[in-house]
$ cat query27.txt   # compact mmCIF, C-alpha atoms
# COMPACT_ATOMS: atom_id res chain seq x y z
CA MET B 1 -154.82 233.02 -141.24
CA VAL B 2 -151.66 231.02 -140.48
CA GLY B 3 -148.45 232.74 -141.60
CA ILE B 4 -145.57 230.97 -143.34
CA VAL B 5 -141.85 231.78 -143.40
CA LEU B 6 -139.52 230.14 -145.92
CA ILE B 7 -135.95 230.00 -144.59
CA SER B 8 -133.11 229.20 -146.96
CA HIS B 9 -129.34 229.61 -147.08
CA SER B 10 -129.95 231.58 -150.24
CA ALA B 11 -131.97 234.79 -150.38
CA GLY B 12 -132.76 234.09 -154.03
CA LEU B 13 -133.92 230.54 -153.37
CA ALA B 14 -136.21 231.64 -150.51
CA ALA B 15 -137.68 234.52 -152.53
CA GLU B 16 -138.31 232.43 -155.65
CA ALA B 17 -139.79 229.52 -153.68
CA ALA B 18 -142.12 232.05 -152.03
CA ALA B 19 -143.09 233.49 -155.42
CA LEU B 20 -143.91 230.04 -156.77
CA ALA B 21 -145.88 229.01 -153.67
CA ARG B 22 -147.78 232.29 -153.75
CA GLN B 23 -148.71 231.83 -157.40
CA ILE B 24 -150.04 228.33 -156.78
CA GLY B 25 -151.46 228.84 -153.29
CA GLY B 26 -152.95 232.28 -153.49
CA ALA B 27 -151.75 235.80 -152.89
CA GLN B 28 -153.79 236.32 -149.72
CA VAL B 29 -151.63 234.05 -147.53
CA PRO B 30 -149.19 235.87 -145.22
CA LEU B 31 -145.91 234.49 -146.59
CA ALA B 32 -142.38 235.81 -146.17
CA ALA B 33 -138.95 234.71 -147.35
CA ALA B 34 -135.96 234.82 -144.98
CA GLY B 35 -132.92 233.82 -147.00
CA GLY B 36 -129.19 234.43 -146.69
CA THR B 37 -127.09 236.32 -144.19
CA ASP B 38 -127.40 239.94 -143.09
CA ASP B 39 -124.80 240.94 -145.69
CA GLY B 40 -126.48 239.01 -148.50
CA GLY B 41 -124.22 235.95 -148.50
CA LEU B 42 -125.16 232.27 -148.24
CA GLY B 43 -126.18 231.36 -144.68
CA THR B 44 -128.81 232.20 -142.11
CA SER B 45 -129.79 235.42 -140.34
CA SER B 46 -131.78 235.14 -137.12
CA ASP B 47 -132.68 238.84 -137.49
CA ARG B 48 -134.19 238.22 -140.93
CA ILE B 49 -136.15 235.25 -139.60
CA ALA B 50 -137.42 237.27 -136.63
CA ALA B 51 -138.53 240.10 -138.93
CA ALA B 52 -140.27 237.64 -141.27
CA ILE B 53 -142.13 235.99 -138.38
CA LYS B 54 -143.34 239.39 -137.22
CA GLU B 55 -144.39 240.27 -140.76
CA VAL B 56 -146.64 237.22 -141.29
CA ASP B 57 -148.02 236.76 -137.76
CA ARG B 58 -151.79 237.41 -137.85
CA GLY B 59 -152.36 235.78 -134.47
CA ASP B 60 -153.22 232.31 -135.81
CA GLY B 61 -149.67 230.93 -135.67
CA VAL B 62 -146.66 230.83 -137.96
CA VAL B 63 -145.09 227.83 -139.74
CA LEU B 64 -141.33 227.92 -140.38
CA ILE B 65 -140.05 225.90 -143.35
CA PRO B 66 -136.21 225.73 -143.38
CA ASP B 67 -134.06 224.17 -146.10
CA LEU B 68 -130.99 222.65 -144.41
CA GLY B 69 -128.14 223.04 -141.92
CA SER B 70 -128.00 226.40 -140.19
CA SER B 71 -131.49 227.28 -141.51
CA VAL B 72 -132.89 224.40 -139.47
CA LEU B 73 -130.81 225.06 -136.36
CA THR B 74 -131.55 228.79 -136.35
CA ALA B 75 -135.26 228.16 -136.97
CA ARG B 76 -135.32 225.78 -134.01
CA LEU B 77 -134.14 228.58 -131.75
CA MET B 78 -136.99 230.80 -132.99
CA GLU B 79 -139.78 228.30 -132.20
CA THR B 80 -142.49 229.14 -129.67
CA PRO B 81 -144.52 226.03 -128.83
CA GLY B 82 -148.10 226.35 -130.07
CA SER B 83 -147.54 229.52 -132.08
CA VAL B 84 -144.28 229.49 -134.09
CA VAL B 85 -143.53 225.94 -135.25
CA ILE B 86 -141.14 224.26 -137.71
CA ALA B 87 -142.51 221.96 -140.40
CA ASP B 88 -139.91 219.24 -141.12
CA VAL B 89 -140.78 218.90 -144.81
CA PRO B 90 -139.26 219.09 -148.30
CA PHE B 91 -138.59 222.80 -148.87
CA LEU B 92 -140.48 223.59 -152.07
CA GLU B 93 -143.21 220.95 -152.02
CA GLY B 94 -143.81 221.56 -148.31
CA ALA B 95 -144.01 225.31 -148.88
CA ILE B 96 -146.63 224.93 -151.62
CA SER B 97 -148.72 222.50 -149.56
CA ALA B 98 -148.54 224.78 -146.53
CA VAL B 99 -149.54 227.88 -148.49
CA VAL B 100 -152.49 226.07 -150.11
CA ALA B 101 -153.68 224.82 -146.70
CA ALA B 102 -153.24 228.21 -145.03
CA GLY B 103 -155.12 229.89 -147.89
CA GLY B 104 -157.98 227.44 -147.30
CA GLY B 105 -158.23 228.57 -143.71
CA ALA B 106 -156.52 225.58 -142.03
CA SER B 107 -155.36 225.86 -138.41
CA LEU B 108 -151.69 225.81 -137.43
CA ASP B 109 -151.83 222.01 -136.93
CA GLY B 110 -153.72 221.66 -140.21
CA VAL B 111 -151.09 223.60 -142.14
CA ILE B 112 -148.29 221.50 -140.59
CA ALA B 113 -150.14 218.28 -141.45
CA ALA B 114 -150.69 219.43 -145.04
CA ALA B 115 -147.02 220.33 -145.40
CA GLU B 116 -145.99 216.94 -144.03
CA GLU B 117 -148.08 215.21 -146.69
CA ALA B 118 -145.65 216.69 -149.22
CA ARG B 119 -143.04 214.23 -148.00
CA GLY B 120 -144.85 211.45 -149.85
CA TYR B 121 -145.36 213.29 -153.14
CA ARG B 122 -144.15 211.31 -156.16
CA LYS B 123 -143.25 213.02 -159.40
CA LEU B 124 -143.68 209.94 -161.55
CA MET A 125 -113.33 232.37 -111.78
CA ASN A 126 -115.04 235.76 -112.04
CA THR A 127 -116.46 237.95 -114.81
CA GLN A 128 -112.96 239.11 -115.70
CA PHE A 129 -111.85 235.52 -116.27
CA PHE A 130 -114.71 234.85 -118.69
CA ALA A 131 -114.10 238.15 -120.48
CA ALA A 132 -110.48 237.05 -120.89
CA TRP A 133 -111.73 233.72 -122.25
CA ILE A 134 -113.76 235.47 -124.95
CA GLU A 135 -110.76 237.70 -125.78
CA GLU A 136 -108.58 234.60 -126.12
CA ILE A 137 -111.15 232.87 -128.33
CA ALA A 138 -111.50 235.92 -130.56
CA ALA A 139 -107.71 236.11 -130.93
CA VAL A 140 -107.15 232.41 -131.65
CA VAL A 141 -110.13 232.16 -134.02
CA SER A 142 -108.84 235.19 -135.90
CA ALA A 143 -105.33 233.67 -136.09
CA GLN A 144 -106.72 230.26 -137.17
CA ARG A 145 -109.40 231.69 -139.46
CA ASP A 146 -107.81 230.46 -142.69
CA HIS A 147 -107.01 227.04 -141.20
CA LEU A 148 -110.65 226.56 -140.10
CA THR A 149 -111.88 227.69 -143.50
CA GLN A 150 -109.53 225.22 -145.22
CA LEU A 151 -110.89 222.37 -143.10
CA ASP A 152 -114.41 223.49 -143.99
CA ALA A 153 -113.54 223.80 -147.69
CA ALA A 154 -112.64 220.10 -147.72
CA ILE A 155 -115.96 218.81 -146.40
CA GLY A 156 -118.30 221.79 -145.97
CA ASP A 157 -118.95 225.21 -147.42
CA ALA A 158 -115.67 227.00 -146.63
CA ASP A 159 -117.11 229.62 -144.32
CA HIS A 160 -116.40 228.32 -140.80
CA GLY A 161 -113.32 230.47 -140.14
CA ALA A 162 -114.89 233.65 -141.47
CA ASN A 163 -118.19 232.98 -139.67
CA LEU A 164 -116.58 232.39 -136.28
CA ASP A 165 -114.20 235.31 -136.70
CA ARG A 166 -117.16 237.60 -137.37
CA GLY A 167 -119.16 236.10 -134.50
CA PHE A 168 -116.50 236.39 -131.80
CA ALA A 169 -115.46 239.86 -132.97
CA ALA A 170 -119.13 240.86 -132.56
CA ALA A 171 -119.18 239.19 -129.13
CA ARG A 172 -116.15 241.26 -128.03
CA GLU A 173 -117.86 244.43 -129.19
CA ALA A 174 -121.09 243.49 -127.40
CA LEU A 175 -119.17 242.88 -124.16
CA ALA A 176 -117.33 246.18 -124.47
CA ALA A 177 -120.64 248.01 -125.01
CA ALA A 178 -122.62 246.29 -122.23
CA SER A 179 -120.00 245.41 -119.57
CA PRO A 180 -122.05 242.54 -118.06
CA ALA A 181 -121.68 242.26 -114.28
CA THR A 182 -121.63 238.48 -113.80
CA PRO A 183 -120.13 235.45 -115.58
CA GLY A 184 -123.67 234.25 -116.33
CA ALA A 185 -124.80 237.51 -117.92
CA LEU A 186 -121.55 237.69 -119.91
CA LEU A 187 -121.92 234.20 -121.36
CA VAL A 188 -125.62 234.67 -122.20
CA LEU A 189 -124.75 237.87 -124.07
CA VAL A 190 -121.94 236.10 -125.95
CA GLY A 191 -124.32 233.27 -126.91
CA SER A 192 -127.07 235.60 -128.10
CA THR A 193 -124.55 237.58 -130.17
CA LEU A 194 -123.20 234.41 -131.81
CA ILE A 195 -126.73 233.32 -132.75
CA ARG A 196 -127.35 236.67 -134.42
CA LYS A 197 -124.00 237.23 -136.10
CA VAL A 198 -122.35 233.96 -137.17
CA GLY A 199 -124.66 233.08 -140.08
CA GLY A 200 -123.71 229.39 -140.25
CA ALA A 201 -124.74 226.32 -138.25
CA SER A 202 -122.03 227.05 -135.68
CA GLY A 203 -123.94 230.21 -134.66
CA PRO A 204 -126.98 228.50 -133.15
CA LEU A 205 -124.80 225.65 -131.83
CA TYR A 206 -122.11 227.70 -130.08
CA GLY A 207 -124.73 230.32 -129.20
CA THR A 208 -126.74 227.66 -127.40
CA ALA A 209 -123.59 226.34 -125.70
CA PHE A 210 -122.63 229.73 -124.26
CA ARG A 211 -126.20 230.55 -123.25
CA GLU A 212 -126.60 227.23 -121.47
CA MET A 213 -123.34 227.81 -119.57
CA GLY A 214 -124.47 231.30 -118.63
CA LYS A 215 -127.88 230.09 -117.44
CA GLN A 216 -126.16 227.42 -115.33
CA PHE A 217 -124.13 230.12 -113.54
CA GLY A 218 -127.23 232.19 -112.72
CA ASP A 219 -126.22 235.47 -111.06
CA ARG A 220 -123.25 234.17 -109.06
CA PRO A 221 -120.34 236.65 -109.09
CA GLU A 222 -117.76 233.82 -109.11
CA VAL A 223 -117.77 230.13 -109.96
CA ASP A 224 -115.39 227.32 -109.05
CA LEU A 225 -113.95 224.57 -111.20
CA ALA A 226 -116.73 222.09 -110.34
CA GLU A 227 -119.36 224.65 -111.39
CA LEU A 228 -117.47 225.26 -114.62
CA GLY A 229 -117.58 221.49 -115.22
CA THR A 230 -121.33 221.40 -114.63
CA ALA A 231 -121.79 224.35 -116.98
CA LEU A 232 -119.72 222.65 -119.68
CA ASP A 233 -121.98 219.59 -119.30
CA ALA A 234 -125.01 221.86 -119.76
CA ALA A 235 -123.42 223.44 -122.84
CA LEU A 236 -122.75 220.00 -124.32
CA ALA A 237 -126.31 218.88 -123.58
CA GLY A 238 -127.65 221.98 -125.35
CA VAL A 239 -125.50 221.35 -128.42
CA ARG A 240 -126.52 217.70 -128.55
CA ARG A 241 -130.20 218.55 -128.18
CA LEU A 242 -130.17 221.20 -130.92
CA GLY A 243 -127.97 219.33 -133.39
CA ALA A 244 -129.18 215.82 -132.49
CA ALA A 245 -125.54 214.69 -132.75
CA ALA A 246 -123.85 211.94 -130.74
CA GLU A 247 -120.15 211.23 -130.27
CA GLY A 248 -118.68 209.69 -133.40
CA ASP A 249 -120.91 211.67 -135.79
CA LYS A 250 -117.88 213.86 -136.72
CA THR A 251 -119.09 217.10 -135.15
CA MET A 252 -118.11 219.55 -132.40
CA VAL A 253 -119.54 217.02 -129.91
CA ASP A 254 -116.46 214.86 -130.59
CA ALA A 255 -114.26 217.56 -129.01
CA LEU A 256 -116.67 218.94 -126.40
CA ALA A 257 -117.71 215.62 -124.86
CA PRO A 258 -114.16 214.39 -124.05
CA ALA A 259 -113.33 217.87 -122.73
CA ALA A 260 -116.33 217.79 -120.38
CA ARG A 261 -115.35 214.30 -119.20
CA ALA A 262 -111.71 215.34 -118.64
CA LEU A 263 -112.77 218.40 -116.66
CA ALA A 264 -115.13 216.33 -114.50
CA GLN A 265 -112.35 213.82 -113.84
CA ALA A 266 -109.91 216.60 -112.99
CA VAL A 267 -112.40 218.01 -110.47
CA ARG A 268 -112.82 214.55 -108.89
CA ASP A 269 -109.01 214.19 -108.71
CA GLY A 270 -108.75 217.59 -107.04
CA LEU A 271 -106.44 219.10 -109.66
CA ALA A 272 -105.59 222.80 -109.60
CA ALA A 273 -107.35 225.03 -112.14
CA GLY A 274 -104.40 225.27 -114.53
CA GLU A 275 -103.92 221.51 -114.69
CA ALA A 276 -107.65 220.83 -114.95
CA LEU A 277 -108.13 223.26 -117.84
CA GLY A 278 -105.00 221.80 -119.46
CA ALA A 279 -106.50 218.31 -119.25
CA ALA A 280 -109.75 219.54 -120.81
CA ALA A 281 -107.84 221.28 -123.62
CA ALA A 282 -105.77 218.17 -124.35
CA ALA A 283 -108.89 215.99 -124.43
CA ALA A 284 -110.66 218.37 -126.82
CA GLU A 285 -107.63 218.50 -129.10
CA GLU A 286 -107.35 214.71 -129.12
CA GLY A 287 -111.09 214.39 -129.79
CA ALA A 288 -110.87 216.78 -132.73
CA LYS A 289 -107.94 214.90 -134.27
CA ALA A 290 -109.83 211.63 -133.81
CA THR A 291 -112.56 212.90 -136.19
CA VAL A 292 -110.19 212.52 -139.18
CA PRO A 293 -111.00 208.86 -139.99
CA LEU A 294 -114.72 209.22 -139.22
CA GLN A 295 -117.54 209.48 -141.75
CA ALA A 296 -119.82 212.43 -141.00
CA ARG A 297 -123.36 211.58 -139.90
CA LYS A 298 -124.51 215.11 -139.03
CA GLY A 299 -124.03 218.56 -140.52
CA ARG A 300 -123.15 219.65 -144.00
CA ALA A 301 -120.35 217.07 -144.36
CA SER A 302 -122.87 214.24 -143.97
CA TYR A 303 -124.11 214.98 -147.50
CA LEU A 304 -120.69 213.86 -148.72
CA GLY A 305 -120.97 210.36 -147.22
CA PRO A 306 -117.68 208.41 -147.48
CA ARG A 307 -115.94 211.44 -149.05
CA SER A 308 -115.96 213.09 -145.61
CA VAL A 309 -113.45 210.47 -144.36
CA GLY A 310 -109.83 211.64 -144.02
CA HIS A 311 -110.54 215.23 -142.97
CA GLU A 312 -110.66 216.79 -139.51
CA ASP A 313 -114.11 218.13 -138.69
CA PRO A 314 -113.98 221.96 -138.67
CA GLY A 315 -116.51 222.22 -135.82
CA ALA A 316 -114.51 219.83 -133.65
CA ALA A 317 -111.35 221.80 -134.52
CA SER A 318 -112.91 225.13 -133.47
CA SER A 319 -114.33 223.52 -130.32
CA ALA A 320 -110.79 222.45 -129.39
CA LEU A 321 -109.61 226.06 -129.90
CA ILE A 322 -112.43 227.36 -127.67
CA ILE A 323 -111.66 224.88 -124.88
CA GLY A 324 -107.93 225.55 -125.28
CA ALA A 325 -108.63 229.26 -124.81
CA LEU A 326 -109.99 228.50 -121.30
CA LYS A 327 -106.54 227.35 -120.29
CA ALA A 328 -104.97 230.44 -121.83
CA ALA A 329 -107.48 232.71 -120.04
CA GLY A 330 -106.62 230.98 -116.75
CA SER A 331 -102.91 231.70 -117.13
CA ARG A 332 -103.33 235.37 -118.05
$ encode --input "query27.txt" --output "structure tokens"
Amino acid sequence: MVGIVLISHSAGLAAEAAALARQIGGAQVPLAAAGGTDDGGLGTSSDRIAAAIKEVDRGDGVVLIPDLGSSVLTARLMETPGSVVIADVPFLEGAISAVVAAGGGASLDGVIAAAEEARGYRKL
Amino acid sequence: MNTQFFAAWIEEIAAVVSAQRDHLTQLDAAIGDADHGANLDRGFAAAREALAAASPATPGALLVLVGSTLIRKVGGASGPLYGTAFREMGKQFGDRPEVDLAELGTALDAALAGVRRLGAAAEGDKTMVDALAPAARALAQAVRDGLAAGEALGAAAAAAEEGAKATVPLQARKGRASYLGPRSVGHEDPGAASSALIIGALKAAGSR
């Protein structure tokens, strides 16, 4: 199953987005939150991201979903073509779409494509 | 320029970033998230410690270690950006024990290319590129004109400083400040300001 890492400036935001996505998308999906700096402040920790990637990697690839700024730039440095890949998608909607697709057994490309569909979601 | 020169550069950067920490944070408070000074201070202090612990043998190894440490320790967008810059410079030097001014110029070009690739920023976007690009051009020109190291690094420092100041009237198109739109006008970009300090520290390291 494809693993998913949610990367936010805020540890709380990443953890709560993961909880919501897990509730909607299913508990069986390997999903980890990597939010905040090493000392718990707002920002990005490459060590936390690396640990999260390791945690969710089941050998079928890992999708990174960053929120903004340093989350995106740090995530870009952690990419491995074909196995650890960023989805450039809205943070929460993209996370939910990705988790649903991964839970349904989609491939790495399938999960990315599902997450990208979230860009067009309308609320009204 | 040998390993000792680049170690002195990092020492100079750590000192000037520490001294200018509050100034950088004030610039960032105006149009960002008020952590640039603290982030860079933490990052370069960690880089000094890493160098003291590992004593890298070549300029290339030293700069790659500095870059990797910045990526791990800074915590803001400047971590991956400056981390990439230093790593690209280090990779450019390979395992040569010494480099000349022309090679430093080529490495600065590689650093700039890495920053532009990662951040997708061009000159005029109100980012560190606005200080680094003129510095790289000034250094290349100084090499072509056959200037001595001190003068060449002085020209690069002046160009970076001028580039940073020229970000004041610009509207940010990349980075956190771009969310502010027209409100970002009238403030110096903190990333360009710290880039000018880093390039300025090259000159200081050369005259140690």
$ residues_around --input "query27.txt" --residues "range 30-33 of chain B" --least-positions-apart "6" --cutoff "7 Å" --atoms "all atoms listed in the file" --output "ChimeraX atom specification"
/B:3-7,14-15,18,52,56
$ residues_around --input "query27.txt" --residues "Arg241 in chain A" --least-positions-apart "5" --cutoff "10 Å" --atoms "all atoms listed in the file" --output "PDB file with C-alpha atoms, in the frame of the given file"
ATOM      1  CA  LEU A 205    -124.800 225.650-131.830  1.00  0.00           C
ATOM      2  CA  THR A 208    -126.740 227.660-127.400  1.00  0.00           C
ATOM      3  CA  ALA A 235    -123.420 223.440-122.840  1.00  0.00           C
ATOM      4  CA  LEU A 236    -122.750 220.000-124.320  1.00  0.00           C
ATOM      5  CA  ALA A 246    -123.850 211.940-130.740  1.00  0.00           C
TER       6      ALA A 246
END
$ residues_near_point --input "query27.txt" --point "(-125.7, 227.0, -122.5)" --cutoff "9 Å" --atoms "all atoms listed in the file" --output "number ranges by chain"
A: 187-188, 191, 206-216, 231-239
$ residues_around --input "query27.txt" --residues "range 20-23 of chain B" --least-positions-apart "2" --cutoff "7 Å" --atoms "all atoms listed in the file" --output "PyMOL selection string"
chain B and resi 16-18+25-27+95-96+99
$ axis_aligned_box --input "query27.txt" --around "range 230-238 of chain A" --padding-each-side "6 Å" --output "lines of an AutoDock Vina configuration file"
center_x = -123.7
center_y = 221.6
center_z = -120.0
size_x = 19.9
size_y = 17.5
size_z = 22.7
$ residues_around --input "query27.txt" --residues "Leu256 in chain A" --least-positions-apart "6" --cutoff "8 Å" --atoms "all atoms listed in the file" --output "PyMOL selection string"
chain A and resi 236+284+287+316+319-320+323
$ interface_residues --input "query27.txt" --of "chain A" --to "chain B" --cutoff "8 Å" --atoms "only C-alpha atoms" --output "list in words"
Ile195, Arg196, Lys197, Gly199, Gly200, Ala201, Ser202, Gly203, Pro204, Leu205, Leu242, Gly243, Gly299 and Arg300 of chain A
$ residues_around --input "query27.txt" --residues "His160 in chain A" --least-positions-apart "5" --cutoff "7 Å" --atoms "all atoms listed in the file" --output "PyMOL selection string"
chain A and resi 148-149+152
$ decode --input "query27.txt" --residues "range 1-30 of chain B" --atoms "N, CA and C atoms" --output "PDB file, in the first residue's frame"
ATOM      1  N   MET B   1       0.834  -1.198   0.000  1.00  0.00           N
ATOM      2  CA  MET B   1       0.000   0.000   0.000  1.00  0.00           C
ATOM      3  C   MET B   1       0.874   1.256   0.000  1.00  0.00           C
ATOM      4  N   VAL B   2       0.439   2.274  -0.743  1.00  0.00           N
ATOM      5  CA  VAL B   2       1.204   3.528  -0.816  1.00  0.00           C
ATOM      6  C   VAL B   2       1.108   4.257   0.530  1.00  0.00           C
ATOM      7  N   GLY B   3       2.221   4.771   0.999  1.00  0.00           N
ATOM      8  CA  GLY B   3       2.245   5.538   2.245  1.00  0.00           C
ATOM      9  C   GLY B   3       2.080   7.022   1.975  1.00  0.00           C
ATOM     10  N   ILE B   4       1.593   7.751   2.974  1.00  0.00           N
ATOM     11  CA  ILE B   4       1.342   9.188   2.817  1.00  0.00           C
ATOM     12  C   ILE B   4       1.914   9.938   4.020  1.00  0.00           C
ATOM     13  N   VAL B   5       2.613  11.046   3.734  1.00  0.00           N
ATOM     14  CA  VAL B   5       3.147  11.887   4.806  1.00  0.00           C
ATOM     15  C   VAL B   5       2.583  13.296   4.646  1.00  0.00           C
ATOM     16  N   LEU B   6       1.938  13.792   5.687  1.00  0.00           N
ATOM     17  CA  LEU B   6       1.416  15.163   5.689  1.00  0.00           C
ATOM     18  C   LEU B   6       2.434  16.063   6.389  1.00  0.00           C
ATOM     19  N   ILE B   7       2.893  17.107   5.657  1.00  0.00           N
ATOM     20  CA  ILE B   7       3.960  17.969   6.158  1.00  0.00           C
ATOM     21  C   ILE B   7       3.423  19.380   6.325  1.00  0.00           C
ATOM     22  N   SER B   8       3.378  19.852   7.547  1.00  0.00           N
ATOM     23  CA  SER B   8       2.876  21.204   7.800  1.00  0.00           C
ATOM     24  C   SER B   8       3.854  21.982   8.661  1.00  0.00           C
ATOM     25  N   HIS B   9       3.752  23.312   8.608  1.00  0.00           N
ATOM     26  CA  HIS B   9       4.505  24.163   9.528  1.00  0.00           C
ATOM     27  C   HIS B   9       4.112  23.893  10.965  1.00  0.00           C
ATOM     28  N   SER B  10       2.900  23.400  11.143  1.00  0.00           N
ATOM     29  CA  SER B  10       2.357  23.242  12.486  1.00  0.00           C
ATOM     30  C   SER B  10       2.175  21.765  12.801  1.00  0.00           C
ATOM     31  N   ALA B  11       2.746  21.321  13.912  1.00  0.00           N
ATOM     32  CA  ALA B  11       2.591  19.921  14.323  1.00  0.00           C
ATOM     33  C   ALA B  11       1.120  19.595  14.540  1.00  0.00           C
ATOM     34  N   GLY B  12       0.391  20.545  15.146  1.00  0.00           N
ATOM     35  CA  GLY B  12      -1.026  20.320  15.409  1.00  0.00           C
ATOM     36  C   GLY B  12      -1.837  20.195  14.134  1.00  0.00           C
ATOM     37  N   LEU B  13      -1.550  21.080  13.180  1.00  0.00           N
ATOM     38  CA  LEU B  13      -2.288  21.047  11.910  1.00  0.00           C
ATOM     39  C   LEU B  13      -2.035  19.719  11.182  1.00  0.00           C
ATOM     40  N   ALA B  14      -0.781  19.286  11.123  1.00  0.00           N
ATOM     41  CA  ALA B  14      -0.451  18.030  10.437  1.00  0.00           C
ATOM     42  C   ALA B  14      -1.138  16.850  11.122  1.00  0.00           C
ATOM     43  N   ALA B  15      -1.104  16.824  12.456  1.00  0.00           N
ATOM     44  CA  ALA B  15      -1.678  15.696  13.197  1.00  0.00           C
ATOM     45  C   ALA B  15      -3.194  15.652  13.034  1.00  0.00           C
ATOM     46  N   GLU B  16      -3.843  16.819  13.098  1.00  0.00           N
ATOM     47  CA  GLU B  16      -5.307  16.837  12.998  1.00  0.00           C
ATOM     48  C   GLU B  16      -5.776  16.547  11.569  1.00  0.00           C
ATOM     49  N   ALA B  17      -5.018  17.042  10.579  1.00  0.00           N
ATOM     50  CA  ALA B  17      -5.363  16.727   9.185  1.00  0.00           C
ATOM     51  C   ALA B  17      -5.244  15.213   8.966  1.00  0.00           C
ATOM     52  N   ALA B  18      -4.216  14.617   9.570  1.00  0.00           N
ATOM     53  CA  ALA B  18      -4.029  13.166   9.446  1.00  0.00           C
ATOM     54  C   ALA B  18      -5.189  12.422  10.118  1.00  0.00           C
ATOM     55  N   ALA B  19      -5.611  12.907  11.280  1.00  0.00           N
ATOM     56  CA  ALA B  19      -6.713  12.248  11.996  1.00  0.00           C
ATOM     57  C   ALA B  19      -7.999  12.294  11.165  1.00  0.00           C
ATOM     58  N   LEU B  20      -8.253  13.441  10.549  1.00  0.00           N
ATOM     59  CA  LEU B  20      -9.456  13.598   9.736  1.00  0.00           C
ATOM     60  C   LEU B  20      -9.399  12.702   8.494  1.00  0.00           C
ATOM     61  N   ALA B  21      -8.241  12.712   7.828  1.00  0.00           N
ATOM     62  CA  ALA B  21      -8.083  11.897   6.614  1.00  0.00           C
ATOM     63  C   ALA B  21      -8.213  10.409   6.957  1.00  0.00           C
ATOM     64  N   ARG B  22      -7.674  10.039   8.108  1.00  0.00           N
ATOM     65  CA  ARG B  22      -7.723   8.635   8.517  1.00  0.00           C
ATOM     66  C   ARG B  22      -9.167   8.213   8.804  1.00  0.00           C
ATOM     67  N   GLN B  23      -9.927   9.101   9.414  1.00  0.00           N
ATOM     68  CA  GLN B  23     -11.312   8.783   9.744  1.00  0.00           C
ATOM     69  C   GLN B  23     -12.135   8.586   8.479  1.00  0.00           C
ATOM     70  N   ILE B  24     -11.880   9.453   7.485  1.00  0.00           N
ATOM     71  CA  ILE B  24     -12.645   9.359   6.236  1.00  0.00           C
ATOM     72  C   ILE B  24     -12.118   8.246   5.341  1.00  0.00           C
ATOM     73  N   GLY B  25     -10.784   8.128   5.280  1.00  0.00           N
ATOM     74  CA  GLY B  25     -10.161   7.248   4.290  1.00  0.00           C
ATOM     75  C   GLY B  25      -9.867   5.851   4.763  1.00  0.00           C
ATOM     76  N   GLY B  26      -9.942   5.620   6.042  1.00  0.00           N
ATOM     77  CA  GLY B  26      -9.671   4.267   6.523  1.00  0.00           C
ATOM     78  C   GLY B  26      -8.400   4.203   7.334  1.00  0.00           C
ATOM     79  N   ALA B  27      -8.451   3.403   8.387  1.00  0.00           N
ATOM     80  CA  ALA B  27      -7.361   3.340   9.351  1.00  0.00           C
ATOM     81  C   ALA B  27      -6.203   2.488   8.862  1.00  0.00           C
ATOM     82  N   GLN B  28      -6.432   1.721   7.769  1.00  0.00           N
ATOM     83  CA  GLN B  28      -5.386   0.774   7.364  1.00  0.00           C
ATOM     84  C   GLN B  28      -4.279   1.415   6.547  1.00  0.00           C
ATOM     85  N   VAL B  29      -4.499   2.673   6.092  1.00  0.00           N
ATOM     86  CA  VAL B  29      -3.511   3.324   5.230  1.00  0.00           C
ATOM     87  C   VAL B  29      -2.311   3.790   6.063  1.00  0.00           C
ATOM     88  N   PRO B  30      -1.084   3.474   5.598  1.00  0.00           N
ATOM     89  CA  PRO B  30       0.096   3.994   6.303  1.00  0.00           C
ATOM     90  C   PRO B  30       0.181   5.508   6.126  1.00  0.00           C
TER      91      PRO B  30
END
